[in-house]
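This is entry00.cif. It holds mmCIF, C-alpha atoms.
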data_start
#
loop_
_atom_site.label_atom_id
_atom_site.label_comp_id
_atom_site.auth_asym_id
_atom_site.auth_seq_id
_atom_site.Cartn_x
_atom_site.Cartn_y
_atom_site.Cartn_z
CA MET G 1226 0.00 0.00 0.00
CA LYS G 1227 1.24 3.46 -0.91
CA LEU G 1228 0.88 6.32 1.58
CA LEU G 1229 0.64 9.96 0.54
CA ILE G 1230 1.73 12.54 3.13
CA SER G 1231 1.33 16.31 2.93
CA VAL G 1232 3.95 18.52 4.61
CA LYS G 1233 3.81 22.31 4.92
CA ARG G 1234 6.61 24.81 5.42
CA VAL G 1235 5.68 27.20 8.24
CA VAL G 1236 7.34 29.61 10.64
CA ASP G 1237 9.14 27.54 13.27
CA TYR G 1238 7.05 27.09 16.42
CA ASN G 1239 9.87 28.51 18.57
CA VAL G 1240 9.87 31.83 16.69
CA LYS G 1241 7.93 34.80 18.02
CA VAL G 1242 5.65 35.77 15.16
CA ARG G 1243 5.64 39.43 14.10
CA VAL G 1244 2.92 41.11 12.08
CA LYS G 1245 3.98 43.07 9.00
CA ALA G 1246 3.86 46.83 9.30
CA ASP G 1247 1.16 47.09 6.61
CA GLY G 1248 -1.04 44.48 8.35
CA THR G 1249 -1.17 42.16 5.32
CA GLY G 1250 0.25 39.14 7.11
CA VAL G 1251 3.08 37.90 9.30
CA GLU G 1252 6.76 38.54 8.65
CA THR G 1253 8.58 35.58 7.07
CA ASN G 1254 11.70 37.24 5.63
CA GLY G 1255 14.77 36.21 7.60
CA VAL G 1256 12.65 34.01 9.88
CA LYS G 1257 13.46 30.38 10.63
CA MET G 1258 11.07 28.05 8.82
CA SER G 1259 10.42 24.37 9.48
CA MET G 1260 7.92 21.58 8.89
CA ASN G 1261 4.50 22.01 10.45
CA PRO G 1262 4.60 19.98 13.73
CA PHE G 1263 1.37 18.11 12.96
CA ASP G 1264 2.82 17.12 9.57
CA GLU G 1265 5.90 15.72 11.32
CA ILE G 1266 3.52 13.41 13.19
CA ALA G 1267 1.94 12.38 9.87
CA VAL G 1268 5.34 11.53 8.38
CA GLU G 1269 6.35 9.58 11.49
CA GLU G 1270 3.15 7.53 11.41
CA ALA G 1271 3.59 6.75 7.73
CA VAL G 1272 7.19 5.65 8.25
CA ARG G 1273 6.15 3.45 11.17
CA LEU G 1274 3.51 1.78 9.00
CA LYS G 1275 6.17 1.09 6.37
CA GLU G 1276 8.52 -0.33 9.00
CA LYS G 1277 5.73 -2.69 10.11
CA GLY G 1278 5.35 -3.89 6.52
CA VAL G 1279 1.87 -2.40 6.16
CA ALA G 1280 2.95 0.22 3.61
CA SER G 1281 5.25 -0.29 0.65
CA GLU G 1282 6.02 3.34 -0.19
CA VAL G 1283 5.75 6.74 1.50
CA VAL G 1284 5.40 9.74 -0.79
CA ALA G 1285 5.73 13.22 0.74
CA VAL G 1286 4.11 16.23 -0.94
CA SER G 1287 4.77 19.91 -0.30
CA MET G 1288 3.33 22.97 -2.02
CA GLY G 1289 4.71 26.46 -2.36
CA PRO G 1290 7.95 28.20 -3.41
CA PRO G 1291 11.20 26.33 -4.20
CA ALA G 1292 12.27 26.62 -0.54
CA CYS G 1293 9.61 23.99 0.29
CA SER G 1294 12.05 21.42 -1.10
CA GLU G 1295 13.93 21.81 2.21
CA THR G 1296 10.80 20.63 4.03
CA LEU G 1297 10.57 17.68 1.67
CA ARG G 1298 14.21 16.80 2.38
CA THR G 1299 13.36 16.70 6.08
CA ALA G 1300 10.52 14.27 5.36
CA LEU G 1301 12.86 12.15 3.23
CA ALA G 1302 15.44 12.13 6.02
CA MET G 1303 12.75 10.89 8.41
CA GLY G 1304 12.07 7.94 6.14
CA ALA G 1305 9.85 8.98 3.21
CA ASP G 1306 10.86 7.37 -0.10
CA ARG G 1307 10.34 10.23 -2.54
CA GLY G 1308 8.96 13.73 -2.68
CA ILE G 1309 6.71 15.81 -4.91
CA LEU G 1310 6.96 19.60 -4.92
CA VAL G 1311 4.01 21.49 -6.36
CA GLU G 1312 5.86 24.70 -7.05
CA THR G 1313 3.96 27.97 -6.96
CA GLU G 1314 4.41 31.47 -5.60
CA VAL G 1315 0.68 31.81 -4.94
CA ALA G 1316 -0.33 31.89 -1.28
CA LEU G 1317 -2.24 28.61 -1.16
CA GLN G 1318 -5.45 28.30 0.79
CA PRO G 1319 -6.99 25.02 2.07
CA LEU G 1320 -9.34 24.55 -0.89
CA ALA G 1321 -6.50 24.91 -3.41
CA VAL G 1322 -4.33 22.51 -1.41
CA ALA G 1323 -7.19 19.99 -1.26
CA LYS G 1324 -7.71 20.22 -5.04
CA LEU G 1325 -4.00 19.72 -5.69
CA LEU G 1326 -3.90 16.73 -3.35
CA ARG G 1327 -6.95 15.26 -5.08
CA ALA G 1328 -5.18 15.52 -8.44
CA LEU G 1329 -2.07 13.86 -6.99
CA ALA G 1330 -4.16 11.15 -5.33
CA GLU G 1331 -5.81 10.35 -8.66
CA ARG G 1332 -2.36 10.06 -10.22
CA GLU G 1333 -0.56 8.20 -7.41
CA GLN G 1334 -3.48 6.00 -6.28
CA PRO G 1335 -2.47 5.80 -2.57
CA GLY G 1336 -4.21 3.51 -0.12
CA MET G 1337 -4.27 6.27 2.49
CA ILE G 1338 -3.55 9.97 2.75
CA ILE G 1339 -2.25 11.19 6.12
CA LEU G 1340 -2.19 14.89 6.96
CA GLY G 1341 -1.61 16.99 10.04
CA LYS G 1342 -4.94 18.06 11.50
CA GLN G 1343 -4.00 21.74 10.98
CA ALA G 1344 -1.13 24.06 10.19
CA ILE G 1345 0.16 26.25 13.00
CA ASP G 1346 0.32 29.35 10.79
CA ASP G 1347 -3.39 29.68 10.01
CA ASP G 1348 -5.03 26.98 12.22
CA MET G 1349 -7.64 26.42 9.51
CA ASN G 1350 -8.16 22.68 10.16
CA ALA G 1351 -9.94 22.32 6.83
CA THR G 1352 -7.71 20.66 4.22
CA GLY G 1353 -8.27 17.05 5.29
CA GLN G 1354 -12.03 17.44 5.43
CA MET G 1355 -12.15 19.22 2.05
CA LEU G 1356 -9.97 16.55 0.47
CA ALA G 1357 -12.20 13.75 1.77
CA ALA G 1358 -15.23 15.52 0.29
CA LEU G 1359 -13.55 16.03 -3.09
CA LEU G 1360 -12.39 12.42 -3.33
CA GLY G 1361 -15.49 10.90 -1.75
CA TRP G 1362 -13.28 8.94 0.68
CA PRO G 1363 -14.04 8.17 4.34
CA GLN G 1364 -12.17 10.31 6.85
CA ALA G 1365 -11.06 10.23 10.48
CA THR G 1366 -9.82 13.48 11.99
CA PHE G 1367 -7.72 14.12 15.12
CA ALA G 1368 -6.35 10.56 15.18
CA SER G 1369 -4.61 9.55 18.42
CA LYS G 1370 -4.17 5.90 17.37
CA LEU G 1371 -4.06 4.22 13.96
CA ALA G 1372 -4.05 0.55 13.03
CA ILE G 1373 -4.42 -1.10 9.61
CA GLU G 1374 -6.26 -4.41 9.41
CA GLY G 1375 -6.44 -5.71 5.85
CA GLU G 1376 -8.51 -3.32 3.76
CA ARG G 1377 -9.69 -1.35 6.79
CA ALA G 1378 -8.22 1.21 9.15
CA MET G 1379 -9.09 1.46 12.83
CA VAL G 1380 -8.72 5.01 14.08
CA THR G 1381 -9.10 6.18 17.67
CA ARG G 1382 -9.83 9.87 18.14
CA GLU G 1383 -10.43 12.08 21.15
CA VAL G 1384 -13.86 13.64 21.48
CA ASP G 1385 -15.49 15.67 24.25
CA GLY G 1386 -16.96 12.57 25.87
CA GLY G 1387 -13.78 10.46 25.78
CA LEU G 1388 -12.39 8.25 23.01
CA GLU G 1389 -14.14 7.31 19.78
CA THR G 1390 -13.00 4.45 17.52
CA LEU G 1391 -13.86 4.52 13.82
CA GLU G 1392 -13.51 1.78 11.24
CA LEU G 1393 -12.73 3.08 7.75
CA ARG G 1394 -12.67 1.25 4.47
CA LEU G 1395 -9.52 2.07 2.50
CA PRO G 1396 -8.63 4.28 0.70
CA ALA G 1397 -9.22 6.87 3.40
CA ILE G 1398 -8.11 10.23 4.80
CA VAL G 1399 -6.60 10.48 8.30
CA THR G 1400 -5.53 13.68 10.05
CA THR G 1401 -3.13 13.44 12.99
CA ASP G 1402 -3.34 14.75 16.53
CA LEU G 1403 -0.49 15.34 18.98
CA ARG G 1404 -0.95 12.09 20.90
CA LEU G 1405 -0.60 9.83 17.87
CA ASN G 1406 3.20 9.55 18.17
CA GLU G 1407 6.44 11.38 18.87
CA PRO G 1408 8.33 12.19 15.65
CA ARG G 1409 11.91 10.96 15.36
CA TYR G 1410 14.93 13.16 14.78
CA ALA G 1411 16.57 12.66 11.43
CA SER G 1412 20.03 11.15 11.90
CA LEU G 1413 23.04 12.46 9.99
CA PRO G 1414 23.32 9.32 7.81
CA ASN G 1415 19.63 9.61 6.90
CA ILE G 1416 20.05 13.30 6.11
CA MET G 1417 22.86 12.37 3.72
CA LYS G 1418 20.75 9.62 2.15
CA ALA G 1419 17.85 12.04 1.71
CA ARG G 1420 19.95 14.13 -0.68
CA LYS G 1421 19.91 11.25 -3.15
CA LYS G 1422 16.20 10.56 -2.94
CA PRO G 1423 14.14 11.92 -5.86
CA ILE G 1424 11.97 15.05 -5.65
CA GLU G 1425 9.66 15.68 -8.58
CA THR G 1426 8.74 19.30 -9.29
CA ILE G 1427 5.39 19.99 -10.90
CA ALA G 1428 3.26 23.09 -11.54
CA PRO G 1429 -0.39 23.39 -10.47
CA ALA G 1430 -1.40 23.88 -14.11
CA ALA G 1431 0.02 20.45 -14.95
CA LEU G 1432 -2.43 19.01 -12.42
CA GLY G 1433 -5.31 20.99 -13.89
CA VAL G 1434 -5.78 23.13 -10.77
CA ASP G 1435 -6.13 26.90 -10.48
CA PRO G 1436 -4.55 27.81 -7.10
CA ALA G 1437 -5.83 31.40 -7.07
CA PRO G 1438 -7.07 32.43 -3.59
CA ARG G 1439 -10.84 32.47 -3.02
CA LEU G 1440 -10.56 34.34 0.28
CA GLU G 1441 -9.13 37.79 0.87
CA ILE G 1442 -7.27 38.64 4.06
CA VAL G 1443 -8.56 42.04 5.08
CA LYS G 1444 -6.20 42.69 7.96
CA VAL G 1445 -3.79 40.93 10.31
CA ALA G 1446 -3.21 42.50 13.74
CA GLU G 1447 -1.49 41.51 16.94
CA PRO G 1448 -3.73 40.69 19.92
CA PRO G 1449 -4.11 43.46 22.50
CA LYS G 1450 -1.46 43.51 25.17
CA ARG G 1451 -2.50 41.98 28.45
CA GLN G 1452 -2.95 44.48 31.25
CA GLY G 1453 -1.12 44.05 34.51
CA GLY G 1454 -2.85 42.86 37.65
CA ARG G 1455 -4.14 45.22 40.35
CA LYS G 1456 -4.55 44.89 44.09
CA VAL G 1457 -7.81 45.73 45.78
CA ALA G 1458 -8.35 46.83 49.35
CA SER G 1459 -11.50 44.83 50.11
CA VAL G 1460 -13.84 42.12 48.93
CA ALA G 1461 -16.44 44.74 48.10
CA GLU G 1462 -14.02 46.50 45.76
CA LEU G 1463 -13.11 43.17 44.16
CA VAL G 1464 -16.78 42.36 43.50
CA GLU G 1465 -17.32 45.81 42.02
CA LYS G 1466 -14.40 45.47 39.61
CA LEU G 1467 -15.45 41.96 38.62
CA THR G 1468 -18.93 43.26 37.91
CA GLN G 1469 -18.12 46.56 36.20
CA GLU G 1470 -14.78 45.90 34.47
CA ALA G 1471 -14.25 42.17 34.08
CA LYS G 1472 -18.00 41.56 33.63
CA VAL G 1473 -17.75 38.02 35.03
CA ILE G 1474 -20.61 38.31 37.49
#
Rendering of file as structure tokens:
Amino acid sequence: MKLLISVKRVVDYNVKVRVKADGTGVETNGVKMSMNPFDEIAVEEAVRLKEKGVASEVVAVSMGPPACSETLRTALAMGADRGILVETEVALQPLAVAKLLRALAEREQPGMIILGKQAIDDDMNATGQMLAALLGWPQATFASKLAIEGERAMVTREVDGGLETLELRLPAIVTTDLRLNEPRYASLPNIMKARKKPIETIAPAALGVDPAPRLEIVKVAEPPKRQGGRKVASVAELVEKLTQEAKVI
């Protein structure tokens, strides 16, 4: 079974994000970029399935400018077999990503597509669900446990009431949650081997997809600064401030 994994290049989670002066987005020039943490979990799970003999090939896909090839190399160093870069300078939105992945899925014919549940730059949490709708495949989101049994996948996911287990008929879409696994660090030998693994570069037009944005970002602004705490002289004053200022009573 072939596994298709999507990996996104985002601002590293350790970096303090700064909003651009014109309010059109966040500053990325000169900022450390890395693979989306949820996508690292997706790659790790795919590699583990291959190590168990469940999967025969792991194909990593990234979309964006040429620099996204660095993210693909990271996935290859973790254990993916080959990479596909959909190269474009357009700021891709979830619907465009889902359409591109659908086109690749129709070409590659994977048994499962594993994605991170969301990207930490926009927190949209929409690509996996859109892709499942476009392909007409079953889906399981926020997976905390995944097992393949023949032509079916057993997925455990966390819900408000506890744990829910779903049985999916393959091919299927799975999006990963934090508790699914702990991604491995790429060793130096594997990083060297990753340089020799193939990365195919393809344009959205070759897949028959128009990646033009459907949504317009009106403004990006930093959240208001948190005010410092204040001391009160009595319980009565505390109740008054909670009622009039904090409005919690």
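Here atom CA of G:Ala1419 is placed at a distance of 19.6 Å from atom CA of G:Pro1262.
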- Query: For G:Gln1343, which of G:Glu1295, G:Asp1435, G:Glu1312, G:Asp1264 is the closest residue, counting all atoms listed in the file?
  - Reply: G:Asp1264
- Message: Can you translate the PyMOL selection byres ((chain G and resi 1291) around 12) into the concrete residues it hits in this file, as number ranges by chain?
- Response: G: 1234, 1287-1290, 1292-1298, 1309-1315, 1424-1428
- Message: To test your reading of the syntax: which residues would the PyMOL selection byres ((chain G and resi 1269-1272) around 9) return for the file shown? Reply as a PyMOL selection string.
- Response: chain G and resi 1228-1230+1264-1268+1273-1277+1280+1282-1283+1300+1303-1305+1339+1371+1401+1405-1409
- Using only C-alpha atoms, find the one residue out of G:Val1240, G:Val1286, G:Gly1278, G:Thr1249 that sits nearest to G:Glu1441. G:Thr1249
- Task: Go ahead and compute the interatomic distance for atom CA of G:Ala1368 and atom CA of G:Gln1354, in Å to one decimal.
- Result: 13.2 Å
- Task: Using atom CA of G:Glu1470 and atom CA of G:Arg1455 as the two end points, give the distance in Å to one decimal.
- Result: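 About the pair atom CA of G:Glu1470 and atom CA of G:Arg1455: they are 12.2 Å apart.
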- Check what the PyMOL selection byres ((chain G and resi 1360-1366) around 10) selects in the file above and give those residues as an MDAnalysis selection string. chainID G and resid 1323:1324 1326:1328 1330:1331 1337:1342 1350 1353:1359 1367:1369 1371 1378:1383 1390:1402
- Task: Rank G:Asp1306, G:Glu1252, G:Glu1374, G:Asp1346 by their smallest atom-to-atom distance to G:Tyr1238, using all atoms listed in the file, and report the top residue only.
- Result: G:Asp1346
- Item | Counting all atoms listed in the file, the residue of G:Ala1437, G:Leu1403, G:Leu1329, G:Ala1431 that sits nearest G:Ala1285 |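 Using all atoms listed in the file, G:Ala1285 sits closest to G:Leu1329.
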- Message: Under the rule that all atoms listed in the file are counted, which of G:Arg1377, G:Arg1420, G:Lys1456, G:Lys1227 is the nearest residue to G:Ser1281?
- Response: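 Nearest candidate to G:Ser1281 out of G:Arg1377, G:Arg1420, G:Lys1456, G:Lys1227: G:Lys1227.
Each of G:Val1284, G:Met1260, G:Val1244, G:Ala1316 was compared to G:Pro1438 using all atoms listed in the file, and G:Ala1316 turns out to be the nearest.
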Would you compute, for all listed atoms of stretch 1288-1306 of chain G, the axis-aligned bounding box grown by 3 Å on each side, and then report its centre and edge lengths in Å rounded to one decimal, as JSON?
{"center_x": 9.4, "center_y": 17.8, "center_z": 2.1, "size_x": 18.1, "size_y": 26.8, "size_z": 18.6}
